[in-house]
>>> print(open('my_file_5.txt').read())   # compact mmCIF, C-alpha atoms and all ligand atoms
# COMPACT_ATOMS: atom_id res chain seq x y z
CA MET A 1494 39.15 18.59 1.58
CA SER A 1495 38.03 17.70 5.06
CA GLU A 1496 37.94 14.14 6.30
CA ARG A 1497 35.96 12.60 9.11
CA GLN A 1498 36.18 9.24 10.88
CA ILE A 1499 32.79 7.64 10.50
CA GLN A 1500 31.51 4.43 12.02
CA ILE A 1501 29.56 2.69 9.33
CA GLU A 1502 27.37 0.03 10.91
CA VAL A 1503 26.18 -2.38 8.25
CA LEU A 1504 23.65 -5.17 8.51
CA ARG A 1505 25.31 -8.43 7.47
CA TYR A 1506 23.50 -11.60 6.56
CA ASN A 1507 24.91 -14.64 4.84
CA PRO A 1508 22.13 -17.09 3.96
CA GLU A 1509 24.55 -20.03 3.94
CA THR A 1510 25.90 -19.57 7.45
CA ASP A 1511 23.70 -17.14 9.42
CA ILE A 1512 20.43 -17.80 11.18
CA GLU A 1513 19.92 -14.11 11.91
CA PRO A 1514 21.40 -10.91 10.53
CA THR A 1515 24.09 -9.17 12.58
CA ILE A 1516 25.52 -5.66 12.59
CA GLN A 1517 29.13 -5.15 11.65
CA ALA A 1518 30.87 -1.81 12.20
CA TYR A 1519 33.63 -0.41 10.01
CA THR A 1520 35.57 2.75 10.70
CA VAL A 1521 36.09 4.69 7.51
CA SER A 1522 37.73 8.04 7.09
CA CYS A 1523 35.28 9.73 4.77
CA LEU A 1524 35.72 12.83 2.70
CA ASN A 1525 33.01 15.34 3.39
CA GLU A 1526 31.71 15.31 -0.16
CA TRP A 1527 31.26 11.55 -0.14
CA VAL A 1528 27.93 9.85 -0.23
CA VAL A 1529 27.17 6.71 1.79
CA LEU A 1530 27.75 4.63 -1.33
CA ASP A 1531 31.35 5.90 -1.50
CA ALA A 1532 31.89 4.71 2.06
CA LEU A 1533 30.48 1.27 1.16
CA ASN A 1534 32.70 1.11 -1.91
CA TYR A 1535 35.67 2.04 0.28
CA ILE A 1536 34.82 -0.80 2.66
CA LYS A 1537 34.43 -3.25 -0.21
CA ASP A 1538 37.70 -2.22 -1.86
CA ASN A 1539 39.88 -1.86 1.23
CA LEU A 1540 38.40 -3.48 4.31
CA ASP A 1541 36.04 -6.31 3.52
CA ALA A 1542 35.49 -7.65 0.03
CA THR A 1543 32.64 -9.88 1.20
CA LEU A 1544 30.22 -6.97 1.72
CA SER A 1545 27.37 -7.25 -0.79
CA TYR A 1546 25.13 -4.46 -2.05
CA ARG A 1547 23.67 -3.23 -5.32
CA TRP A 1548 24.64 -0.12 -7.18
CA SER A 1549 25.37 0.99 -10.68
CA CYS A 1550 25.07 4.61 -11.76
CA HIS A 1551 26.21 6.56 -8.68
CA MET A 1552 23.94 9.40 -9.83
CA ALA A 1553 20.40 8.63 -8.67
CA VAL A 1554 19.30 7.29 -12.04
CA CYS A 1555 19.43 3.49 -11.98
CA GLY A 1556 17.50 3.05 -8.73
CA SER A 1557 19.50 0.09 -7.51
CA CYS A 1558 21.21 1.47 -4.38
CA GLY A 1559 18.12 1.94 -2.19
CA MET A 1560 18.79 1.09 1.46
CA MET A 1561 17.79 2.12 4.96
CA ILE A 1562 20.19 4.79 6.16
CA ASN A 1563 19.62 5.56 9.83
CA GLY A 1564 16.20 3.99 9.50
CA GLU A 1565 15.13 6.07 6.51
CA PRO A 1566 14.76 4.69 2.96
CA LYS A 1567 17.41 6.48 0.88
CA LEU A 1568 19.49 6.13 -2.25
CA ALA A 1569 23.01 5.49 -0.95
CA CYS A 1570 24.38 7.52 -3.85
CA LYS A 1571 22.29 10.53 -2.87
CA ALA A 1572 22.84 10.40 0.91
CA PHE A 1573 25.66 12.82 1.63
CA ILE A 1574 27.99 12.00 4.50
CA HIS A 1575 28.04 15.63 5.65
CA GLU A 1576 24.34 15.35 6.51
CA TYR A 1577 25.04 12.63 9.08
CA SER A 1578 26.76 12.36 12.44
CA ASP A 1579 29.81 10.18 13.04
CA ARG A 1580 27.76 7.00 13.13
CA ILE A 1581 25.70 5.80 10.23
CA ARG A 1582 23.56 2.66 10.30
CA VAL A 1583 23.01 1.02 6.92
CA GLU A 1584 20.44 -1.76 6.46
CA PRO A 1585 18.64 -3.33 3.51
CA LEU A 1586 15.31 -1.78 2.51
CA VAL A 1587 12.65 -2.87 4.99
CA HIS A 1588 9.53 -4.79 3.88
CA PHE A 1589 11.65 -6.85 1.50
CA PRO A 1590 13.27 -10.20 2.35
CA ILE A 1591 17.04 -10.02 2.78
CA LYS A 1592 19.00 -12.15 0.34
CA ARG A 1593 22.47 -11.23 1.50
CA ASP A 1594 23.80 -8.21 3.42
CA LEU A 1595 22.18 -5.15 1.82
CA ILE A 1596 20.67 -7.05 -1.09
CA THR A 1597 16.93 -7.64 -0.98
CA ASP A 1598 14.63 -9.96 -2.85
CA ILE A 1599 12.65 -7.70 -5.20
CA GLU A 1600 10.66 -10.34 -7.09
CA ASP A 1601 7.40 -9.30 -5.47
CA PHE A 1602 7.80 -5.74 -6.72
CA ILE A 1603 8.79 -6.83 -10.22
CA ALA A 1604 5.72 -9.08 -10.47
CA LYS A 1605 3.40 -6.32 -9.28
CA PHE A 1606 5.00 -3.81 -11.60
CA ALA A 1607 4.45 -6.13 -14.58
CA SER A 1608 0.87 -6.89 -13.50
CA VAL A 1609 -0.31 -3.30 -14.04
CA LYS A 1610 0.66 -3.38 -17.74
CA PRO A 1611 3.16 -0.54 -17.62
CA TYR A 1612 3.27 0.13 -21.34
CA LEU A 1613 1.21 1.92 -23.97
CA ILE A 1614 -1.89 0.03 -25.05
CA PRO A 1615 -3.04 1.99 -28.09
CA LYS A 1616 -6.75 2.75 -28.44
CA GLU A 1617 -6.79 1.23 -31.89
CA LYS A 1618 -4.30 -0.30 -34.29
CA ARG A 1619 -2.63 2.32 -36.43
CA PRO A 1620 -0.53 1.59 -39.48
CA ILE A 1621 2.98 3.02 -39.34
CA SER A 1622 2.20 5.02 -42.46
CA ASP A 1623 -0.13 7.18 -40.33
CA GLY A 1624 2.96 8.68 -38.76
CA GLU A 1625 3.77 9.42 -35.15
CA TYR A 1626 1.35 10.26 -32.39
CA GLN A 1627 1.15 13.94 -31.64
CA GLN A 1628 0.98 15.36 -28.14
CA LYS A 1629 0.78 18.91 -26.94
CA PRO A 1630 2.80 20.13 -23.93
CA GLU A 1631 -0.38 20.04 -21.85
CA ASP A 1632 -0.87 16.37 -22.74
CA LEU A 1633 2.69 15.64 -21.62
CA LEU A 1634 2.25 17.54 -18.37
CA LYS A 1635 -0.52 15.15 -17.31
CA PHE A 1636 1.90 12.26 -16.87
CA LYS A 1637 5.46 13.58 -17.10
CA GLN A 1638 6.15 13.54 -13.36
CA TYR A 1639 5.31 9.82 -13.15
CA THR A 1640 7.80 8.98 -15.89
CA LEU A 1641 10.58 10.08 -13.54
CA CYS A 1642 10.19 6.97 -11.37
CA ILE A 1643 13.42 4.94 -11.26
CA ASN A 1644 11.91 1.85 -9.55
CA CYS A 1645 14.17 2.24 -6.54
CA MET A 1646 11.45 0.87 -4.24
CA LEU A 1647 12.10 3.39 -1.48
CA CYS A 1648 8.34 4.04 -1.51
CA TYR A 1649 7.62 0.38 -0.71
CA SER A 1650 9.96 0.58 2.26
CA ALA A 1651 8.36 3.80 3.45
CA CYS A 1652 4.82 2.47 3.07
CA PRO A 1653 3.58 0.92 6.35
CA LYS A 1654 0.64 -0.57 4.47
CA TYR A 1655 2.93 -2.62 2.24
CA GLY A 1656 4.75 -3.79 5.37
CA LEU A 1657 1.49 -4.94 6.98
CA VAL A 1658 -0.35 -6.16 3.88
CA PRO A 1659 2.20 -7.61 1.43
CA GLU A 1660 -0.53 -8.18 -1.20
CA PHE A 1661 -0.83 -4.40 -1.66
CA ILE A 1662 0.15 -3.53 -5.25
CA GLY A 1663 1.93 -0.53 -3.81
CA PRO A 1664 2.94 3.04 -4.66
CA ALA A 1665 5.34 2.76 -7.61
CA ALA A 1666 3.35 0.15 -9.55
CA ILE A 1667 0.08 2.05 -9.20
CA SER A 1668 1.81 5.32 -10.10
CA ILE A 1669 3.20 3.86 -13.30
CA ALA A 1670 -0.28 2.52 -14.16
CA HIS A 1671 -1.63 6.03 -13.57
CA ARG A 1672 1.13 7.39 -15.80
CA TYR A 1673 -0.15 5.33 -18.75
CA ASN A 1674 -3.78 6.00 -17.91
CA GLN A 1675 -3.05 9.72 -18.13
CA ASP A 1676 -1.36 9.41 -21.51
CA SER A 1677 -3.46 10.65 -24.43
CA ARG A 1678 -2.01 7.90 -26.67
CA ASP A 1679 -3.20 5.14 -24.37
CA GLY A 1680 -6.47 3.25 -24.36
CA GLY A 1681 -5.69 0.51 -21.83
CA ARG A 1682 -7.15 2.00 -18.67
CA HIS A 1683 -9.86 -0.62 -18.23
CA HIS A 1684 -7.23 -3.39 -18.37
CA ARG A 1685 -5.26 -1.74 -15.59
CA GLN A 1686 -8.32 -0.87 -13.50
CA GLU A 1687 -8.95 -4.57 -12.85
CA ILE A 1688 -5.71 -4.65 -10.87
CA ILE A 1689 -5.25 -1.17 -9.49
CA ALA A 1690 -8.87 -0.45 -8.53
CA SER A 1691 -9.17 -3.73 -6.61
CA SER A 1692 -8.94 -3.97 -2.85
CA GLU A 1693 -5.27 -4.99 -3.06
CA GLY A 1694 -4.86 -2.03 -5.33
CA VAL A 1695 -5.51 1.53 -4.48
CA TRP A 1696 -8.04 0.80 -1.70
CA GLU A 1697 -5.34 -0.67 0.50
CA CYS A 1698 -3.79 2.79 0.61
CA SER A 1699 -4.82 5.04 3.49
CA PHE A 1700 -2.79 8.04 2.37
CA VAL A 1701 -0.03 7.96 4.94
CA GLY A 1702 1.94 9.94 2.37
CA ALA A 1703 5.31 8.47 3.38
CA CYS A 1704 5.99 7.25 -0.18
CA SER A 1705 5.98 10.79 -1.52
CA GLU A 1706 8.12 12.07 1.35
CA VAL A 1707 10.93 9.62 0.59
CA CYS A 1708 10.72 9.60 -3.23
CA PRO A 1709 14.12 10.78 -4.51
CA LYS A 1710 12.62 11.84 -7.84
CA HIS A 1711 9.57 13.75 -6.52
CA VAL A 1712 7.18 11.50 -8.38
CA ASP A 1713 4.53 11.94 -5.64
CA PRO A 1714 3.11 8.40 -5.72
CA ALA A 1715 0.71 9.26 -2.89
CA GLY A 1716 -0.88 11.89 -5.13
CA ALA A 1717 -1.17 9.41 -8.00
CA LEU A 1718 -2.93 6.88 -5.76
CA GLN A 1719 -5.46 9.42 -4.51
CA GLN A 1720 -6.18 10.44 -8.10
CA VAL A 1721 -6.78 6.81 -9.01
CA LYS A 1722 -9.15 6.50 -6.03
CA LEU A 1723 -11.06 9.57 -7.14
CA ALA A 1724 -11.34 8.37 -10.75
CA SER A 1725 -12.40 4.87 -9.63
CA THR A 1726 -15.05 6.32 -7.34
CA ILE A 1727 -16.43 8.39 -10.21
CA ASP A 1728 -16.48 5.19 -12.33
CA TRP A 1729 -18.52 3.44 -9.66
CA TYR A 1730 -21.10 6.20 -9.44
CA ARG A 1731 -21.34 6.38 -13.22
CA GLU A 1732 -21.90 2.68 -13.43
CA HIS A 1733 -24.50 2.52 -10.65
CA LEU A 1734 -26.37 5.81 -10.99
CA MET A 1735 -26.11 6.35 -14.72
CA PRO A 1736 -25.91 2.87 -16.25
CA TRP A 1737 -27.20 4.21 -19.55
CA VAL A 1738 -24.10 6.37 -20.06
CA LYS A 1739 -21.53 4.51 -22.11
CA LYS A 1740 -17.98 4.52 -20.77
CA MET B 723 11.85 -11.01 15.25
CA GLY B 724 12.21 -12.43 11.85
CA LYS B 725 12.26 -15.70 10.11
CA LYS B 726 13.94 -17.53 7.32
CA MET B 727 11.87 -18.47 4.37
CA ASN B 728 12.52 -20.80 1.51
CA LYS B 729 15.36 -19.73 -0.76
CA ASN B 730 17.02 -18.77 2.53
CA SER B 731 15.98 -15.14 2.41
CA TYR B 732 15.46 -13.53 5.77
CA ILE B 733 12.17 -11.79 6.52
CA ARG B 734 12.04 -8.97 9.03
CA GLU B 735 8.58 -8.97 10.50
CA VAL B 736 6.66 -5.73 11.01
CA PRO B 737 5.41 -5.41 14.60
CA ARG B 738 1.62 -5.53 14.18
CA ALA B 739 0.74 -3.32 17.13
CA SER B 740 3.61 -0.88 17.37
CA TRP B 741 4.77 -0.26 13.79
CA PHE B 742 3.69 3.38 13.84
CA LEU B 743 6.03 4.25 16.72
CA LYS B 744 9.00 3.75 14.40
CA GLN B 745 8.78 7.03 12.51
CA PRO B 746 7.47 10.53 13.30
CA ARG B 747 5.60 10.54 9.99
CA TYR B 748 3.72 7.39 11.00
CA ILE B 749 2.81 9.00 14.33
CA ARG B 750 1.52 12.07 12.48
CA TYR B 751 -0.58 9.77 10.29
CA MET B 752 -1.96 7.90 13.30
CA ALA B 753 -2.80 11.21 14.97
CA ARG B 754 -4.85 12.17 11.92
CA GLU B 755 -6.63 8.82 11.95
CA VAL B 756 -7.31 8.91 15.71
CA THR B 757 -8.94 12.34 15.43
CA SER B 758 -11.73 10.71 13.43
CA LEU B 759 -12.71 8.76 16.57
CA PHE B 760 -13.51 12.09 18.23
CA ILE B 761 -15.57 13.12 15.24
CA GLY B 762 -17.36 9.75 15.36
CA ALA B 763 -18.07 10.22 19.08
CA TYR B 764 -19.42 13.70 18.43
CA THR B 765 -21.75 12.37 15.74
CA LEU B 766 -22.98 9.75 18.19
CA MET B 767 -23.63 12.52 20.67
CA LEU B 768 -25.78 14.32 18.10
CA VAL B 769 -27.79 11.14 17.58
CA ILE B 770 -28.31 10.87 21.34
CA ALA B 771 -29.39 14.52 21.35
CA ILE B 772 -32.13 13.75 18.82
CA LYS B 773 -33.27 10.83 20.95
CA ARG B 774 -33.44 13.05 24.06
CA VAL B 775 -35.46 15.66 22.16
CA ALA B 776 -37.91 12.94 21.19
CA GLU B 777 -38.19 11.86 24.82
CA GLY B 778 -39.41 15.28 25.91
CA PRO B 779 -38.22 18.51 27.52
CA ASP B 780 -37.01 16.94 30.78
CA ALA B 781 -34.81 14.41 29.05
CA PHE B 782 -33.36 17.10 26.81
CA GLN B 783 -32.73 19.42 29.77
CA ASN B 784 -30.93 16.58 31.48
CA PHE B 785 -28.84 16.01 28.36
CA LEU B 786 -27.91 19.71 28.21
CA GLU B 787 -26.79 19.64 31.84
CA ILE B 788 -24.41 16.82 31.06
CA LEU B 789 -23.08 18.83 28.14
CA TYR B 790 -22.44 21.84 30.36
CA SER B 791 -20.65 19.79 32.98
CA PRO B 792 -16.83 20.11 33.09
CA LEU B 793 -16.51 16.71 31.40
CA GLY B 794 -18.96 17.71 28.69
CA ILE B 795 -17.05 20.90 28.02
CA LEU B 796 -13.75 19.02 27.97
CA PHE B 797 -15.23 16.60 25.44
CA ASN B 798 -16.40 19.46 23.24
CA ILE B 799 -13.10 21.30 23.35
CA SER B 800 -11.06 18.19 22.60
CA THR B 801 -13.40 17.29 19.73
CA LEU B 802 -13.03 20.79 18.34
CA LEU B 803 -9.22 20.51 18.46
CA ALA B 804 -9.33 17.05 16.92
CA ALA B 805 -11.65 18.26 14.15
CA LEU B 806 -9.36 21.21 13.45
CA TYR B 807 -6.33 18.93 13.16
CA HIS B 808 -8.26 16.45 11.03
CA SER B 809 -9.58 19.09 8.64
CA THR B 810 -6.35 21.02 8.22
CA SER B 811 -4.28 17.87 7.69
CA TRP B 812 -6.65 16.88 4.87
CA PHE B 813 -6.86 20.37 3.38
CA ASN B 814 -3.08 20.48 3.15
CA VAL B 815 -2.90 17.36 0.98
CA THR B 816 -5.73 18.24 -1.42
CA PRO B 817 -3.37 19.51 -4.15
CA GLN B 818 -1.90 15.99 -4.34
CA ALA B 819 -5.27 14.32 -4.70
CA MET B 820 -6.91 16.96 -6.89
CA PRO B 821 -4.32 18.74 -9.00
CA ILE B 822 -5.82 21.32 -11.33
CA GLN B 823 -4.18 21.77 -14.69
CA TRP B 824 -4.42 25.12 -16.42
CA GLY B 825 -3.03 24.81 -19.93
CA GLU B 826 0.63 23.93 -19.71
CA GLU B 827 0.90 24.34 -15.94
CA PHE B 828 -0.57 23.05 -12.72
CA VAL B 829 -2.38 25.58 -10.57
CA SER B 830 -0.25 26.27 -7.48
CA GLY B 831 -1.06 24.01 -4.56
CA ARG B 832 -1.33 27.08 -2.32
CA ILE B 833 -4.34 28.29 -4.28
CA ILE B 834 -6.10 24.93 -3.96
CA VAL B 835 -5.39 24.71 -0.23
CA GLY B 836 -6.24 28.40 0.24
CA ALA B 837 -9.59 27.93 -1.49
CA HIS B 838 -10.47 25.20 0.99
CA TYR B 839 -9.66 27.44 3.94
CA ILE B 840 -11.63 30.33 2.49
CA ILE B 841 -14.72 28.18 1.85
CA TRP B 842 -14.38 26.68 5.34
CA ILE B 843 -14.19 30.10 7.00
CA ALA B 844 -17.08 31.41 4.87
CA ILE B 845 -19.32 28.46 5.80
CA SER B 846 -18.37 28.79 9.47
CA ILE B 847 -19.33 32.48 9.43
CA LEU B 848 -22.62 31.71 7.66
CA ILE B 849 -23.49 29.11 10.29
CA LEU B 850 -22.50 31.46 13.11
CA VAL B 851 -24.63 34.29 11.72
CA PHE B 852 -27.69 32.42 10.47
CA GLY B 853 -27.51 29.08 12.23
CA VAL B 854 -27.76 30.07 15.86
S1 LIG C 1801 23.64 3.85 -7.82
FE1 LIG C 1801 22.10 4.23 -9.29
S2 LIG C 1801 20.56 5.16 -8.08
FE2 LIG C 1801 22.20 4.99 -6.68
>>> encode(input="my_file_5.txt", output="structure tokens")
Amino acid sequence: MSERQIQIEVLRYNPETDIEPTIQAYTVSCLNEWVVLDALNYIKDNLDATLSYRWSCHMAVCGSCGMMINGEPKLACKAFIHEYSDRIRVEPLVHFPIKRDLITDIEDFIAKFASVKPYLIPKEKRPISDGEYQQKPEDLLKFKQYTLCINCMLCYSACPKYGLVPEFIGPAAISIAHRYNQDSRDGGRHHRQEIIASSEGVWECSFVGACSEVCPKHVDPAGALQQVKLASTIDWYREHLMPWVKK
Amino acid sequence: MGKKMNKNSYIREVPRASWFLKQPRYIRYMAREVTSLFIGAYTLMLVIAIKRVAEGPDAFQNFLEILYSPLGILFNISTLLAALYHSTSWFNVTPQAMPIQWGEEFVSGRIIVGAHYIIWIAISILILVFGV
């Protein structure tokens, strides 16, 4: 097992004492198979117990360890040390306020996520005695990729539009809305359209595509947003050119 | 560069004018957006051309001379390059915006992109053969 001395430069910010964040460097001898999260855990356990960051699963499932690693939004548990040089800069996800060290304030995202009604809204009430909904593999394919989102918010950090226009509903929330819209069991699209087809919704997106490039689960939020744009445009033409056609 | 807000969180502000210099992917995006200015300028040129035609043969001749000047040729070549970059960068992302599902699978993105190129080449040939 090979080891390497790595300088881990971490952004530190203590809201009680600091006016501005500072960078603190730790030298850690890292095993080559470590991920950045292992190095942070090493620092916390052995060098500096005051370092604060979020993590839970250590396997790219819980979505809580998102941070900027050398300026790129990454999951710390999926960023392998051997892919980096001897100096690694770790900062909290950009576009989010810093609460402490690597911990960001994610309330804005949570509120937006909830606002798009990310749950099944059945077309009509069905008694339980009718049994389960049935879906074919082709029905599942329409939305499966969007179910893989782990709400890690890397896409919000990658998205320059969210950085410039904080009202933007953003990639993950619109993708999850699209996921339910694409579901054959769902009938709630018009409820979600009010939010996601508004100007703070999908029309704030100019298809930079950065969200899809950084997504650790290959959800392709950029694709979802363009599909929502296309569907909303078709809605508009339907409504204005063929008002007699019922939705 | 940043500021404290209530609840003592620290906000890092995004530089309004230079944000896109931070990442190569933002520069690529800006390049794609900037190419549309060339296409806009070219469209304006076509409008001017119509105006010159309406003003008579001398005005149009004058317009053509400007087009054939080194600056005019430079403008045309750079617009062509910009249009090529603009079109190809959009063609390459069409599978994301318009996925095509065939039964239990998505049609390969290469086919969707390829179809765009083929139609583009076919239309270009048609215009070259019949349009001139
Ligand atoms: S710790 Fe769960 S995603 Fe990284």
>>> axis_aligned_box(input="my_file_5.txt", around="ligand LIG 1801 (chain C)", padding_each_side="5 Å", output="lines of an AutoDock Vina configuration file")
center_x = 22.1
center_y = 4.5
center_z = -8.0
size_x = 13.1
size_y = 11.3
size_z = 12.6
>>> residues_near_ligand(input="my_file_5.txt", ligand="ligand LIG 1801 (chain C)", cutoff="6 Å", atoms="all atoms listed in the file", output="PDB file with C-alpha atoms, keeping the file's coordinate frame")
ATOM      1  CA  TRP A1548      24.640  -0.120  -7.180  1.00  0.00           C
ATOM      2  CA  SER A1549      25.370   0.990 -10.680  1.00  0.00           C
ATOM      3  CA  CYS A1550      25.070   4.610 -11.760  1.00  0.00           C
ATOM      4  CA  HIS A1551      26.210   6.560  -8.680  1.00  0.00           C
ATOM      5  CA  MET A1552      23.940   9.400  -9.830  1.00  0.00           C
ATOM      6  CA  ALA A1553      20.400   8.630  -8.670  1.00  0.00           C
ATOM      7  CA  VAL A1554      19.300   7.290 -12.040  1.00  0.00           C
ATOM      8  CA  CYS A1555      19.430   3.490 -11.980  1.00  0.00           C
ATOM      9  CA  GLY A1556      17.500   3.050  -8.730  1.00  0.00           C
ATOM     10  CA  SER A1557      19.500   0.090  -7.510  1.00  0.00           C
ATOM     11  CA  CYS A1558      21.210   1.470  -4.380  1.00  0.00           C
ATOM     12  CA  LEU A1568      19.490   6.130  -2.250  1.00  0.00           C
ATOM     13  CA  ALA A1569      23.010   5.490  -0.950  1.00  0.00           C
ATOM     14  CA  CYS A1570      24.380   7.520  -3.850  1.00  0.00           C
TER      15      CYS A1570
END
>>> interface_residues(input="my_file_5.txt", of="chain B", to="chain A", cutoff="12 Å", atoms="all atoms listed in the file", output="short mmCIF file (atom, residue, chain, number, x, y, z; two decimals) with C-alpha atoms, keeping the file's coordinate frame")
data_model
loop_
_atom_site.label_atom_id
_atom_site.label_comp_id
_atom_site.auth_asym_id
_atom_site.auth_seq_id
_atom_site.Cartn_x
_atom_site.Cartn_y
_atom_site.Cartn_z
CA MET B 723 11.85 -11.01 15.25
CA GLY B 724 12.21 -12.43 11.85
CA LYS B 725 12.26 -15.70 10.11
CA LYS B 726 13.94 -17.53 7.32
CA MET B 727 11.87 -18.47 4.37
CA ASN B 728 12.52 -20.80 1.51
CA LYS B 729 15.36 -19.73 -0.76
CA ASN B 730 17.02 -18.77 2.53
CA SER B 731 15.98 -15.14 2.41
CA TYR B 732 15.46 -13.53 5.77
CA ILE B 733 12.17 -11.79 6.52
CA ARG B 734 12.04 -8.97 9.03
CA GLU B 735 8.58 -8.97 10.50
CA VAL B 736 6.66 -5.73 11.01
CA PRO B 737 5.41 -5.41 14.60
CA ARG B 738 1.62 -5.53 14.18
CA ALA B 739 0.74 -3.32 17.13
CA SER B 740 3.61 -0.88 17.37
CA TRP B 741 4.77 -0.26 13.79
CA PHE B 742 3.69 3.38 13.84
CA LEU B 743 6.03 4.25 16.72
CA LYS B 744 9.00 3.75 14.40
CA GLN B 745 8.78 7.03 12.51
CA PRO B 746 7.47 10.53 13.30
CA ARG B 747 5.60 10.54 9.99
CA TYR B 748 3.72 7.39 11.00
CA ILE B 749 2.81 9.00 14.33
CA ARG B 750 1.52 12.07 12.48
CA TYR B 751 -0.58 9.77 10.29
CA MET B 752 -1.96 7.90 13.30
CA ALA B 753 -2.80 11.21 14.97
CA ARG B 754 -4.85 12.17 11.92
CA GLU B 755 -6.63 8.82 11.95
CA SER B 811 -4.28 17.87 7.69
CA TRP B 812 -6.65 16.88 4.87
CA ASN B 814 -3.08 20.48 3.15
CA VAL B 815 -2.90 17.36 0.98
CA THR B 816 -5.73 18.24 -1.42
CA PRO B 817 -3.37 19.51 -4.15
CA GLN B 818 -1.90 15.99 -4.34
CA ALA B 819 -5.27 14.32 -4.70
CA MET B 820 -6.91 16.96 -6.89
CA PRO B 821 -4.32 18.74 -9.00
CA ILE B 822 -5.82 21.32 -11.33
CA GLN B 823 -4.18 21.77 -14.69
CA TRP B 824 -4.42 25.12 -16.42
CA GLY B 825 -3.03 24.81 -19.93
CA GLU B 826 0.63 23.93 -19.71
CA GLU B 827 0.90 24.34 -15.94
CA PHE B 828 -0.57 23.05 -12.72
#
>>> atom_distance(input="my_file_5.txt", atom1="CA of Arg1580 in chain A", atom2="CA of Gln1517 in chain A")
12.3 Å
>>> atom_distance(input="my_file_5.txt", atom1="CA of Ser1608 in chain A", atom2="CA of Phe1661 in chain A")
12.2 Å
>>> atom_distance(input="my_file_5.txt", atom1="CA of Lys1637 in chain A", atom2="CA of Asp1676 in chain A")
9.1 Å
>>> decode(input="my_file_5.txt", residues="range 813-824 of chain B", atoms="N, CA, C and O atoms", output="PDB file, in the first residue's frame")
ATOM      1  N   PHE B 813     -25.845  20.710 -32.169  1.00  0.00           N
ATOM      2  CA  PHE B 813     -26.141  19.348 -32.644  1.00  0.00           C
ATOM      3  C   PHE B 813     -25.713  18.322 -31.606  1.00  0.00           C
ATOM      4  O   PHE B 813     -26.414  17.354 -31.338  1.00  0.00           O
ATOM      5  N   ASN B 814     -24.529  18.540 -31.018  1.00  0.00           N
ATOM      6  CA  ASN B 814     -23.979  17.536 -30.115  1.00  0.00           C
ATOM      7  C   ASN B 814     -24.778  17.368 -28.833  1.00  0.00           C
ATOM      8  O   ASN B 814     -24.625  16.362 -28.145  1.00  0.00           O
ATOM      9  N   VAL B 815     -25.617  18.329 -28.482  1.00  0.00           N
ATOM     10  CA  VAL B 815     -26.410  18.168 -27.256  1.00  0.00           C
ATOM     11  C   VAL B 815     -27.877  17.799 -27.532  1.00  0.00           C
ATOM     12  O   VAL B 815     -28.657  17.659 -26.601  1.00  0.00           O
ATOM     13  N   THR B 816     -28.221  17.620 -28.815  1.00  0.00           N
ATOM     14  CA  THR B 816     -29.624  17.282 -29.112  1.00  0.00           C
ATOM     15  C   THR B 816     -30.105  15.988 -28.442  1.00  0.00           C
ATOM     16  O   THR B 816     -31.269  15.933 -28.037  1.00  0.00           O
ATOM     17  N   PRO B 817     -29.259  14.947 -28.293  1.00  0.00           N
ATOM     18  CA  PRO B 817     -29.800  13.746 -27.649  1.00  0.00           C
ATOM     19  C   PRO B 817     -30.274  14.016 -26.222  1.00  0.00           C
ATOM     20  O   PRO B 817     -31.171  13.333 -25.724  1.00  0.00           O
ATOM     21  N   GLN B 818     -29.670  15.005 -25.544  1.00  0.00           N
ATOM     22  CA  GLN B 818     -30.111  15.332 -24.184  1.00  0.00           C
ATOM     23  C   GLN B 818     -31.489  15.986 -24.206  1.00  0.00           C
ATOM     24  O   GLN B 818     -32.330  15.698 -23.369  1.00  0.00           O
ATOM     25  N   ALA B 819     -31.688  16.881 -25.163  1.00  0.00           N
ATOM     26  CA  ALA B 819     -32.942  17.633 -25.202  1.00  0.00           C
ATOM     27  C   ALA B 819     -34.069  16.826 -25.844  1.00  0.00           C
ATOM     28  O   ALA B 819     -35.228  17.005 -25.502  1.00  0.00           O
ATOM     29  N   MET B 820     -33.697  15.963 -26.797  1.00  0.00           N
ATOM     30  CA  MET B 820     -34.737  15.218 -27.523  1.00  0.00           C
ATOM     31  C   MET B 820     -34.402  13.729 -27.564  1.00  0.00           C
ATOM     32  O   MET B 820     -34.092  13.182 -28.624  1.00  0.00           O
ATOM     33  N   PRO B 821     -34.447  13.083 -26.409  1.00  0.00           N
ATOM     34  CA  PRO B 821     -34.174  11.643 -26.431  1.00  0.00           C
ATOM     35  C   PRO B 821     -35.314  10.917 -27.156  1.00  0.00           C
ATOM     36  O   PRO B 821     -36.461  11.368 -27.082  1.00  0.00           O
ATOM     37  N   ILE B 822     -34.971   9.877 -27.874  1.00  0.00           N
ATOM     38  CA  ILE B 822     -36.011   9.118 -28.574  1.00  0.00           C
ATOM     39  C   ILE B 822     -36.042   7.719 -27.985  1.00  0.00           C
ATOM     40  O   ILE B 822     -35.029   7.025 -27.958  1.00  0.00           O
ATOM     41  N   GLN B 823     -37.199   7.351 -27.481  1.00  0.00           N
ATOM     42  CA  GLN B 823     -37.335   6.039 -26.868  1.00  0.00           C
ATOM     43  C   GLN B 823     -37.895   5.063 -27.881  1.00  0.00           C
ATOM     44  O   GLN B 823     -38.866   5.361 -28.578  1.00  0.00           O
ATOM     45  N   TRP B 824     -37.273   3.900 -27.959  1.00  0.00           N
ATOM     46  CA  TRP B 824     -37.734   2.859 -28.864  1.00  0.00           C
ATOM     47  C   TRP B 824     -37.992   1.635 -28.008  1.00  0.00           C
ATOM     48  O   TRP B 824     -37.059   0.951 -27.617  1.00  0.00           O
TER      49      TRP B 824
END
